[in-house]
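So this block is work_33.pdb, PDB, C-alpha atoms:
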ATOM      1  CA  MET A   1     189.350   3.232 115.696
ATOM      2  CA  GLN A   2     186.756   0.497 115.561
ATOM      3  CA  GLU A   3     187.311  -2.571 113.406
ATOM      4  CA  PRO A   4     184.977  -2.857 110.393
ATOM      5  CA  ASN A   5     183.923  -6.419 111.282
ATOM      6  CA  GLN A   6     183.281  -5.652 114.952
ATOM      7  CA  SER A   7     179.979  -7.131 116.178
ATOM      8  CA  TYR A   8     177.594  -5.548 118.659
ATOM      9  CA  VAL A   9     175.462  -7.220 121.281
ATOM     10  CA  THR A  10     171.757  -7.742 120.583
ATOM     11  CA  GLU A  11     170.842  -8.887 124.080
ATOM     12  CA  PHE A  12     172.189  -8.662 127.610
ATOM     13  CA  ILE A  13     172.409 -11.170 130.446
ATOM     14  CA  LEU A  14     171.316  -9.853 133.828
ATOM     15  CA  LEU A  15     173.416 -11.640 136.439
ATOM     16  CA  GLY A  16     171.207 -10.543 139.321
ATOM     17  CA  PHE A  17     172.151 -11.446 142.886
ATOM     18  CA  SER A  18     174.970 -13.859 143.653
ATOM     19  CA  PHE A  19     173.075 -15.950 146.192
ATOM     20  CA  SER A  20     173.543 -19.672 146.749
ATOM     21  CA  PRO A  21     170.932 -21.988 145.172
ATOM     22  CA  ARG A  22     169.766 -23.047 148.633
ATOM     23  CA  THR A  23     168.780 -19.550 149.701
ATOM     24  CA  MET A  24     167.295 -18.553 146.345
ATOM     25  CA  PRO A  25     163.751 -19.924 147.012
ATOM     26  CA  LEU A  26     163.602 -18.089 150.343
ATOM     27  CA  LEU A  27     164.803 -14.823 148.818
ATOM     28  CA  PHE A  28     162.425 -15.235 145.882
ATOM     29  CA  SER A  29     159.530 -15.604 148.319
ATOM     30  CA  ALA A  30     160.677 -12.572 150.324
ATOM     31  CA  PHE A  31     161.008 -10.365 147.228
ATOM     32  CA  LEU A  32     157.682 -11.577 145.845
ATOM     33  CA  MET A  33     155.873 -10.878 149.107
ATOM     34  CA  THR A  34     157.479  -7.436 149.403
ATOM     35  CA  TYR A  35     156.494  -6.601 145.833
ATOM     36  CA  LEU A  36     152.894  -7.773 146.274
ATOM     37  CA  LEU A  37     152.539  -5.836 149.529
ATOM     38  CA  SER A  38     154.032  -2.771 147.836
ATOM     39  CA  ILE A  39     151.498  -3.056 145.002
ATOM     40  CA  LEU A  40     148.675  -3.555 147.503
ATOM     41  CA  GLY A  41     149.718  -0.648 149.724
ATOM     42  CA  ASN A  42     150.304   1.880 146.945
ATOM     43  CA  SER A  43     147.155   0.824 145.096
ATOM     44  CA  MET A  44     145.106   1.153 148.271
ATOM     45  CA  ILE A  45     146.459   4.660 148.934
ATOM     46  CA  SER A  46     145.654   5.765 145.378
ATOM     47  CA  ILE A  47     142.143   4.282 145.449
ATOM     48  CA  LEU A  48     141.311   5.780 148.854
ATOM     49  CA  ILE A  49     142.446   9.228 147.740
ATOM     50  CA  CYS A  50     140.255   8.978 144.638
ATOM     51  CA  LEU A  51     137.153   7.697 146.456
ATOM     52  CA  ASP A  52     137.114   9.728 149.670
ATOM     53  CA  SER A  53     136.329  13.431 149.246
ATOM     54  CA  HIS A  54     137.995  14.207 152.600
ATOM     55  CA  LEU A  55     141.316  13.295 150.992
ATOM     56  CA  HIS A  56     140.854  15.638 148.032
ATOM     57  CA  THR A  57     143.501  18.046 149.310
ATOM     58  CA  PRO A  58     146.869  19.060 147.834
ATOM     59  CA  MET A  59     148.833  16.930 150.301
ATOM     60  CA  TYR A  60     146.956  13.742 149.475
ATOM     61  CA  PHE A  61     146.976  14.603 145.779
ATOM     62  CA  PHE A  62     150.783  14.555 145.863
ATOM     63  CA  ILE A  63     150.831  11.381 147.983
ATOM     64  CA  GLY A  64     148.562   9.750 145.401
ATOM     65  CA  ILE A  65     150.946  10.723 142.597
ATOM     66  CA  LEU A  66     153.846   9.347 144.662
ATOM     67  CA  SER A  67     152.010   6.031 145.047
ATOM     68  CA  LEU A  68     151.433   5.817 141.289
ATOM     69  CA  LEU A  69     155.129   6.483 140.637
ATOM     70  CA  ASP A  70     156.090   3.771 143.135
ATOM     71  CA  LEU A  71     153.722   1.366 141.410
ATOM     72  CA  GLY A  72     155.289   2.220 138.058
ATOM     73  CA  TYR A  73     158.975   1.848 138.735
ATOM     74  CA  THR A  74     158.706  -1.260 140.908
ATOM     75  CA  THR A  75     156.635  -2.933 138.179
ATOM     76  CA  THR A  76     159.251  -1.872 135.617
ATOM     77  CA  THR A  77     161.979  -3.921 137.307
ATOM     78  CA  VAL A  78     160.770  -6.357 139.974
ATOM     79  CA  PRO A  79     158.647  -8.806 137.895
ATOM     80  CA  GLN A  80     161.546  -9.353 135.535
ATOM     81  CA  MET A  81     163.922  -9.828 138.482
ATOM     82  CA  LEU A  82     161.585 -12.451 139.964
ATOM     83  CA  ALA A  83     161.269 -14.220 136.600
ATOM     84  CA  HIS A  84     165.049 -14.404 136.280
ATOM     85  CA  MET A  85     165.383 -15.731 139.823
ATOM     86  CA  ALA A  86     162.911 -18.520 139.035
ATOM     87  CA  SER A  87     164.454 -19.618 135.726
ATOM     88  CA  GLN A  88     167.795 -20.283 134.097
ATOM     89  CA  ARG A  89     167.169 -17.821 131.259
ATOM     90  CA  LYS A  90     168.290 -14.366 132.353
ATOM     91  CA  THR A  91     168.498 -12.514 129.044
ATOM     92  CA  ILE A  92     166.914  -9.230 128.003
ATOM     93  CA  SER A  93     166.930  -7.822 124.488
ATOM     94  CA  PHE A  94     168.822  -4.633 123.703
ATOM     95  CA  ALA A  95     165.585  -2.732 122.949
ATOM     96  CA  SER A  96     163.892  -3.980 126.123
ATOM     97  CA  CYS A  97     166.928  -2.958 128.158
ATOM     98  CA  VAL A  98     166.813   0.561 126.730
ATOM     99  CA  ALA A  99     163.066   0.818 127.347
ATOM    100  CA  GLN A 100     163.385  -0.418 130.925
ATOM    101  CA  MET A 101     166.208   1.999 131.647
ATOM    102  CA  TYR A 102     164.329   4.963 130.186
ATOM    103  CA  ILE A 103     161.012   4.259 131.956
ATOM    104  CA  PHE A 104     162.766   3.701 135.279
ATOM    105  CA  LEU A 105     164.680   6.971 134.936
ATOM    106  CA  VAL A 106     161.548   8.931 133.976
ATOM    107  CA  LEU A 107     159.694   7.725 137.055
ATOM    108  CA  GLY A 108     162.704   8.075 139.374
ATOM    109  CA  VAL A 109     163.575  11.642 138.347
ATOM    110  CA  THR A 110     159.911  12.644 138.511
ATOM    111  CA  GLU A 111     159.708  11.267 142.045
ATOM    112  CA  SER A 112     162.854  13.107 143.083
ATOM    113  CA  TRP A 113     161.346  16.450 142.075
ATOM    114  CA  LEU A 114     157.956  15.483 143.513
ATOM    115  CA  PHE A 115     159.553  15.225 146.946
ATOM    116  CA  ALA A 116     160.649  18.848 146.607
ATOM    117  CA  ILE A 117     157.130  19.892 145.593
ATOM    118  CA  MET A 118     155.677  18.006 148.569
ATOM    119  CA  SER A 119     158.002  19.854 150.933
ATOM    120  CA  ILE A 120     156.772  23.170 149.505
ATOM    121  CA  ASP A 121     153.212  22.001 150.103
ATOM    122  CA  ARG A 122     154.058  21.268 153.759
ATOM    123  CA  TYR A 123     155.687  24.702 154.070
ATOM    124  CA  VAL A 124     152.541  26.464 152.867
ATOM    125  CA  ALA A 125     150.308  24.301 155.090
ATOM    126  CA  ILE A 126     152.350  24.991 158.243
ATOM    127  CA  CYS A 127     153.558  28.540 157.654
ATOM    128  CA  HIS A 128     150.490  29.945 155.846
ATOM    129  CA  PRO A 129     147.553  27.784 157.030
ATOM    130  CA  LEU A 130     144.866  30.423 156.458
ATOM    131  CA  ARG A 131     145.856  30.873 152.800
ATOM    132  CA  TYR A 132     146.736  27.229 152.149
ATOM    133  CA  LYS A 133     143.766  26.352 149.932
ATOM    134  CA  VAL A 134     144.092  29.608 147.998
ATOM    135  CA  ILE A 135     147.824  29.254 147.350
ATOM    136  CA  MET A 136     147.819  25.499 146.650
ATOM    137  CA  SER A 137     145.033  25.650 144.081
ATOM    138  CA  PRO A 138     144.223  22.612 141.891
ATOM    139  CA  LEU A 139     145.694  24.450 138.893
ATOM    140  CA  LEU A 140     148.988  25.077 140.679
ATOM    141  CA  CYS A 141     149.166  21.500 141.985
ATOM    142  CA  GLY A 142     148.570  20.131 138.487
ATOM    143  CA  ALA A 143     151.203  22.457 137.020
ATOM    144  CA  MET A 144     153.723  21.318 139.657
ATOM    145  CA  VAL A 145     153.162  17.660 138.817
ATOM    146  CA  ILE A 146     153.524  18.394 135.083
ATOM    147  CA  PHE A 147     156.774  20.236 135.866
ATOM    148  CA  CYS A 148     158.084  17.144 137.689
ATOM    149  CA  GLY A 149     157.038  14.912 134.788
ATOM    150  CA  LEU A 150     158.772  17.113 132.211
ATOM    151  CA  TRP A 151     161.974  17.002 134.251
ATOM    152  CA  GLY A 152     161.696  13.226 134.328
ATOM    153  CA  VAL A 153     161.076  12.811 130.603
ATOM    154  CA  THR A 154     163.843  15.231 129.582
ATOM    155  CA  SER A 155     166.522  14.059 132.017
ATOM    156  CA  ALA A 156     165.840  10.384 131.320
ATOM    157  CA  LEU A 157     166.130  11.029 127.585
ATOM    158  CA  VAL A 158     169.547  12.652 128.034
ATOM    159  CA  TYR A 159     170.743   9.825 130.325
ATOM    160  CA  THR A 160     169.550   7.178 127.866
ATOM    161  CA  VAL A 161     170.850   8.837 124.695
ATOM    162  CA  PHE A 162     174.330   9.328 126.149
ATOM    163  CA  ALA A 163     174.405   5.732 127.386
ATOM    164  CA  MET A 164     173.164   4.265 124.097
ATOM    165  CA  ARG A 165     175.485   6.279 121.872
ATOM    166  CA  LEU A 166     178.360   4.131 123.146
ATOM    167  CA  PRO A 167     179.273   0.882 121.353
ATOM    168  CA  TYR A 168     178.538  -2.382 123.178
ATOM    169  CA  CYS A 169     180.552  -5.120 121.519
ATOM    170  CA  GLY A 170     180.891  -7.568 124.407
ATOM    171  CA  PRO A 171     180.866  -8.877 127.038
ATOM    172  CA  ASN A 172     177.108  -8.668 127.465
ATOM    173  CA  GLN A 173     176.717  -9.633 131.138
ATOM    174  CA  ILE A 174     175.225  -6.835 133.259
ATOM    175  CA  ASN A 175     176.143  -7.341 136.904
ATOM    176  CA  HIS A 176     172.773  -6.091 138.138
ATOM    177  CA  PHE A 177     169.153  -7.232 138.409
ATOM    178  CA  PHE A 178     167.893  -4.669 135.876
ATOM    179  CA  CYS A 179     169.256  -2.329 133.201
ATOM    180  CA  GLU A 180     170.553   0.598 135.201
ATOM    181  CA  VAL A 181     172.845   3.195 133.670
ATOM    182  CA  PRO A 182     175.963   2.758 135.904
ATOM    183  CA  ALA A 183     175.935  -1.031 135.469
ATOM    184  CA  LEU A 184     175.414  -0.815 131.707
ATOM    185  CA  LEU A 185     178.199   1.724 131.158
ATOM    186  CA  LYS A 186     180.756  -0.773 132.468
ATOM    187  CA  LEU A 187     180.141  -2.881 129.340
ATOM    188  CA  ALA A 188     180.791  -0.080 126.860
ATOM    189  CA  CYS A 189     183.653  -0.581 124.412
ATOM    190  CA  ALA A 190     184.680   3.070 124.656
ATOM    191  CA  ASP A 191     185.744   5.749 127.102
ATOM    192  CA  THR A 192     182.872   6.660 129.452
ATOM    193  CA  SER A 193     184.427   9.755 131.048
ATOM    194  CA  VAL A 194     182.007  12.014 129.156
ATOM    195  CA  ASN A 195     179.102   9.941 130.474
ATOM    196  CA  ASP A 196     180.448  10.295 134.012
ATOM    197  CA  GLN A 197     180.479  14.074 133.577
ATOM    198  CA  VAL A 198     176.971  14.129 132.091
ATOM    199  CA  ASP A 199     175.674  11.872 134.863
ATOM    200  CA  PHE A 200     177.223  14.133 137.492
ATOM    201  CA  MET A 201     175.736  17.305 135.970
ATOM    202  CA  LEU A 202     172.310  15.727 135.568
ATOM    203  CA  GLY A 203     172.558  14.265 139.054
ATOM    204  CA  PHE A 204     173.217  17.769 140.335
ATOM    205  CA  CYS A 205     170.050  19.027 138.633
ATOM    206  CA  VAL A 206     167.700  16.148 139.453
ATOM    207  CA  ILE A 207     169.001  15.105 142.887
ATOM    208  CA  LEU A 208     171.105  17.800 144.579
ATOM    209  CA  VAL A 209     168.907  20.749 143.572
ATOM    210  CA  PRO A 210     165.683  19.129 144.890
ATOM    211  CA  LEU A 211     167.519  18.053 148.064
ATOM    212  CA  PHE A 212     168.847  21.572 148.588
ATOM    213  CA  LEU A 213     165.350  22.979 148.058
ATOM    214  CA  ILE A 214     163.932  20.473 150.556
ATOM    215  CA  LEU A 215     166.626  21.402 153.088
ATOM    216  CA  VAL A 216     165.947  25.147 152.771
ATOM    217  CA  VAL A 217     162.181  24.634 153.018
ATOM    218  CA  PHE A 218     162.405  22.458 156.123
ATOM    219  CA  ILE A 219     164.787  24.837 157.866
ATOM    220  CA  ASN A 220     162.142  27.538 157.442
ATOM    221  CA  ILE A 221     159.427  25.121 158.582
ATOM    222  CA  PHE A 222     161.342  24.250 161.769
ATOM    223  CA  ILE A 223     161.860  27.921 162.550
ATOM    224  CA  VAL A 224     158.101  28.474 162.315
ATOM    225  CA  ILE A 225     157.329  25.309 164.316
ATOM    226  CA  LEU A 226     159.559  26.421 167.180
ATOM    227  CA  ARG A 227     157.469  29.583 167.432
ATOM    228  CA  ILE A 228     154.229  27.609 167.922
ATOM    229  CA  HIS A 229     153.131  28.006 171.544
ATOM    230  CA  SER A 230     151.014  24.845 171.674
ATOM    231  CA  ALA A 231     153.019  21.700 172.426
ATOM    232  CA  GLN A 232     150.380  19.607 170.629
ATOM    233  CA  GLY A 233     150.593  21.858 167.570
ATOM    234  CA  ARG A 234     154.387  21.548 167.479
ATOM    235  CA  LEU A 235     154.168  17.768 167.829
ATOM    236  CA  LYS A 236     151.637  17.466 164.975
ATOM    237  CA  ALA A 237     153.753  19.661 162.681
ATOM    238  CA  PHE A 238     156.946  17.748 163.520
ATOM    239  CA  SER A 239     155.160  14.437 162.905
ATOM    240  CA  THR A 240     154.121  15.516 159.403
ATOM    241  CA  CYS A 241     157.639  16.695 158.602
ATOM    242  CA  ALA A 242     159.265  13.550 160.035
ATOM    243  CA  SER A 243     157.282  11.299 157.681
ATOM    244  CA  HIS A 244     158.332  13.277 154.621
ATOM    245  CA  ILE A 245     161.986  13.528 155.704
ATOM    246  CA  THR A 246     162.113   9.755 156.273
ATOM    247  CA  VAL A 247     160.729   9.002 152.809
ATOM    248  CA  VAL A 248     163.065  11.502 151.128
ATOM    249  CA  THR A 249     166.108  10.076 152.906
ATOM    250  CA  MET A 250     165.264   6.477 151.967
ATOM    251  CA  PHE A 251     164.955   7.375 148.291
ATOM    252  CA  CYS A 252     167.371  10.213 147.584
ATOM    253  CA  VAL A 253     170.478   9.212 149.563
ATOM    254  CA  PRO A 254     170.995   5.838 147.792
ATOM    255  CA  VAL A 255     170.235   7.470 144.412
ATOM    256  CA  LEU A 256     172.739  10.226 145.196
ATOM    257  CA  VAL A 257     175.475   7.690 145.933
ATOM    258  CA  MET A 258     174.599   5.599 142.863
ATOM    259  CA  TYR A 259     174.526   8.299 140.194
ATOM    260  CA  MET A 260     176.971  10.958 141.375
ATOM    261  CA  ARG A 261     180.073   8.947 142.148
ATOM    262  CA  PRO A 262     182.524   8.083 139.341
ATOM    263  CA  GLY A 263     181.893   4.766 137.634
ATOM    264  CA  SER A 264     185.405   3.551 138.486
ATOM    265  CA  GLU A 265     184.606   3.731 142.212
ATOM    266  CA  ALA A 266     181.357   1.768 141.952
ATOM    267  CA  SER A 267     181.087  -1.742 143.397
ATOM    268  CA  PRO A 268     178.559  -4.003 141.627
ATOM    269  CA  GLU A 269     177.370  -5.632 144.847
ATOM    270  CA  GLU A 270     176.989  -2.275 146.609
ATOM    271  CA  ASP A 271     175.131  -0.873 143.596
ATOM    272  CA  LYS A 272     172.657  -3.763 143.668
ATOM    273  CA  LYS A 273     172.001  -3.260 147.370
ATOM    274  CA  LEU A 274     171.468   0.478 146.886
ATOM    275  CA  ALA A 275     169.133  -0.119 143.945
ATOM    276  CA  LEU A 276     167.239  -2.734 145.955
ATOM    277  CA  PHE A 277     166.713  -0.189 148.724
ATOM    278  CA  TYR A 278     165.367   2.726 146.671
ATOM    279  CA  ASN A 279     163.601   0.511 144.130
ATOM    280  CA  ILE A 280     161.765  -2.034 146.285
ATOM    281  CA  ILE A 281     162.101  -1.222 149.981
ATOM    282  CA  SER A 282     161.337   2.486 149.610
ATOM    283  CA  ALA A 283     158.210   1.804 147.550
ATOM    284  CA  PHE A 284     157.143  -0.825 150.107
ATOM    285  CA  LEU A 285     157.580   1.475 153.118
ATOM    286  CA  ASN A 286     156.104   4.679 151.647
ATOM    287  CA  PRO A 287     152.424   3.643 152.086
ATOM    288  CA  ILE A 288     153.161   2.474 155.634
ATOM    289  CA  ILE A 289     154.907   5.699 156.600
ATOM    290  CA  TYR A 290     152.201   7.927 155.141
ATOM    291  CA  SER A 291     149.211   5.933 156.418
ATOM    292  CA  LEU A 292     150.185   4.068 159.592
ATOM    293  CA  ARG A 293     149.758   7.093 161.868
ATOM    294  CA  ASN A 294     147.399   9.024 159.614
ATOM    295  CA  LYS A 295     143.866   9.241 160.981
ATOM    296  CA  ASP A 296     142.473  10.602 157.710
ATOM    297  CA  VAL A 297     143.695   7.590 155.723
ATOM    298  CA  LYS A 298     142.508   5.151 158.378
ATOM    299  CA  GLY A 299     139.114   6.838 158.433
ATOM    300  CA  ALA A 300     138.878   6.731 154.643
ATOM    301  CA  PHE A 301     139.744   3.023 154.655
ATOM    302  CA  LEU A 302     137.005   2.241 157.206
ATOM    303  CA  LYS A 303     134.525   4.368 155.287
ATOM    304  CA  VAL A 304     135.254   2.847 151.875
ATOM    305  CA  THR A 305     135.320  -0.745 153.123
ATOM    306  CA  GLY A 306     132.226  -0.245 155.288
ATOM    307  CA  TRP A 307     134.012  -1.548 158.403
ATOM    308  CA  GLY A 308     133.306   1.609 160.345
ATOM    309  CA  ARG A 309     132.518   5.245 160.095
ATOM    310  CA  ALA A 310     135.116   7.841 159.237
ATOM    311  CA  PRO A 311     135.854  10.189 162.153
ATOM    312  CA  GLU A 312     134.024  13.461 162.045
TER     313      GLU A 312
END

I'd like the structure from this file rewritten - as structure tokens, please.
Amino acid sequence: MQEPNQSYVTEFILLGFSFSPRTMPLLFSAFLMTYLLSILGNSMISILICLDSHLHTPMYFFIGILSLLDLGYTTTTVPQMLAHMASQRKTISFASCVAQMYIFLVLGVTESWLFAIMSIDRYVAICHPLRYKVIMSPLLCGAMVIFCGLWGVTSALVYTVFAMRLPYCGPNQINHFFCEVPALLKLACADTSVNDQVDFMLGFCVILVPLFLILVVFINIFIVILRIHSAQGRLKAFSTCASHITVVTMFCVPVLVMYMRPGSEASPEEDKKLALFYNIISAFLNPIIYSLRNKDVKGAFLKVTGWGRAPE
């Protein structure tokens, strides 16, 4: 039973990374540059998709949504991390911590399901090219994105409610660079076994189910690709699939490890590295992976900037 005079924390201290003071300026510069390039890359992708009519297709619609999600959840965590690295004050209020955790979860879960929707889009494009525009209508694409968003809002609410129902009476030092559920649960003054079970069940629904769907879809895609007689056609199809598989792996595998293992087995330093990978590095690399070898995006960039003409 809890003592009547027991006090509860009103703010948390984010410990961040345990780097030496000498290396901190260098790491701050590296994180800042990565964040700014991530903002630039994702913003550019979104703007190009809006401005160039050649990119008004289901595939680029989903890539544009992905870029907006990346913009959202990096901005939810990285600016605060940089501010804490540059100052001695590393506190965050209880309400701000809850808000940050909820917004991050909404965007992360939405992105997880969006990857599954994008794989379905690639399946229709490769396996049913003649009916692609009919099947992937604007109405269906919009409904799919709304479905992903509803999953994000609902799942994040459950995660947050179950985490916040626990008492936090001290200590108040979160061994992380932002308010993430596994790190916060370690500070709870109560048994978190129920939370571990809830996290596992939700992780199954928002991570394993989309991954299983992606796996099934791509197995069918590869079967169809192997039947293509043209070597150039097979190479183009494989190239499109390889980009999506790379992005999914960078995001989903670290999230899977983070949220589906028991809290007692989690290492704070490993958790921070995993979060750094799917929070910052993944959002930084996504625009590069989707645009570096994409002639349509390159053509749209030249057309919008006036540096050249888009390829016919």

If the PyMOL selection byres ((chain A and resi 115) around 9) were run on this exact file, what residues would it hold? Put them as a PyMOL selection string. chain A and resi 62+66+110-114+116-120+210-211+214+244+247-248

Selection in question (the file shown): the PyMOL selection byres ((chain A and resi 38) around 8). Which residues does it include, as a PyMOL selection string? chain A and resi 34-37+39-42+71+280+283-285+287

Residues of the last selection are to be written out with C-alpha atoms, as a PDB file, in the frame of the given file.
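Result file follows (out_29.pdb):
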ATOM      1  CA  THR A  34     157.479  -7.436 149.403  1.00  0.00           C
ATOM      2  CA  TYR A  35     156.494  -6.601 145.833  1.00  0.00           C
ATOM      3  CA  LEU A  36     152.894  -7.773 146.274  1.00  0.00           C
ATOM      4  CA  LEU A  37     152.539  -5.836 149.529  1.00  0.00           C
ATOM      5  CA  ILE A  39     151.498  -3.056 145.002  1.00  0.00           C
ATOM      6  CA  LEU A  40     148.675  -3.555 147.503  1.00  0.00           C
ATOM      7  CA  GLY A  41     149.718  -0.648 149.724  1.00  0.00           C
ATOM      8  CA  ASN A  42     150.304   1.880 146.945  1.00  0.00           C
ATOM      9  CA  LEU A  71     153.722   1.366 141.410  1.00  0.00           C
ATOM     10  CA  ILE A 280     161.765  -2.034 146.285  1.00  0.00           C
ATOM     11  CA  ALA A 283     158.210   1.804 147.550  1.00  0.00           C
ATOM     12  CA  PHE A 284     157.143  -0.825 150.107  1.00  0.00           C
ATOM     13  CA  LEU A 285     157.580   1.475 153.118  1.00  0.00           C
ATOM     14  CA  PRO A 287     152.424   3.643 152.086  1.00  0.00           C
TER      15      PRO A 287
END

Interatomic distance between CA of Asp70 (chain A) and CA of Arg165 (chain A)?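 Value for the CA of Asp70 (chain A)-CA of Arg165 (chain A) distance: 28.9 Å.
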
Name the residues in contact with Val257 (chain A) at a cut-off of 9 Å, using only C-alpha atoms, excluding same-chain residues fewer than 5 positions from it; report them as a ChimeraX atom specification. /A:252,271,274

Report the distance between CA of Phe162 (chain A) and CA of Val198 (chain A) in Å, rounded to one decimal place.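 CA of Phe162 (chain A) sits 8.1 Å away from CA of Val198 (chain A).
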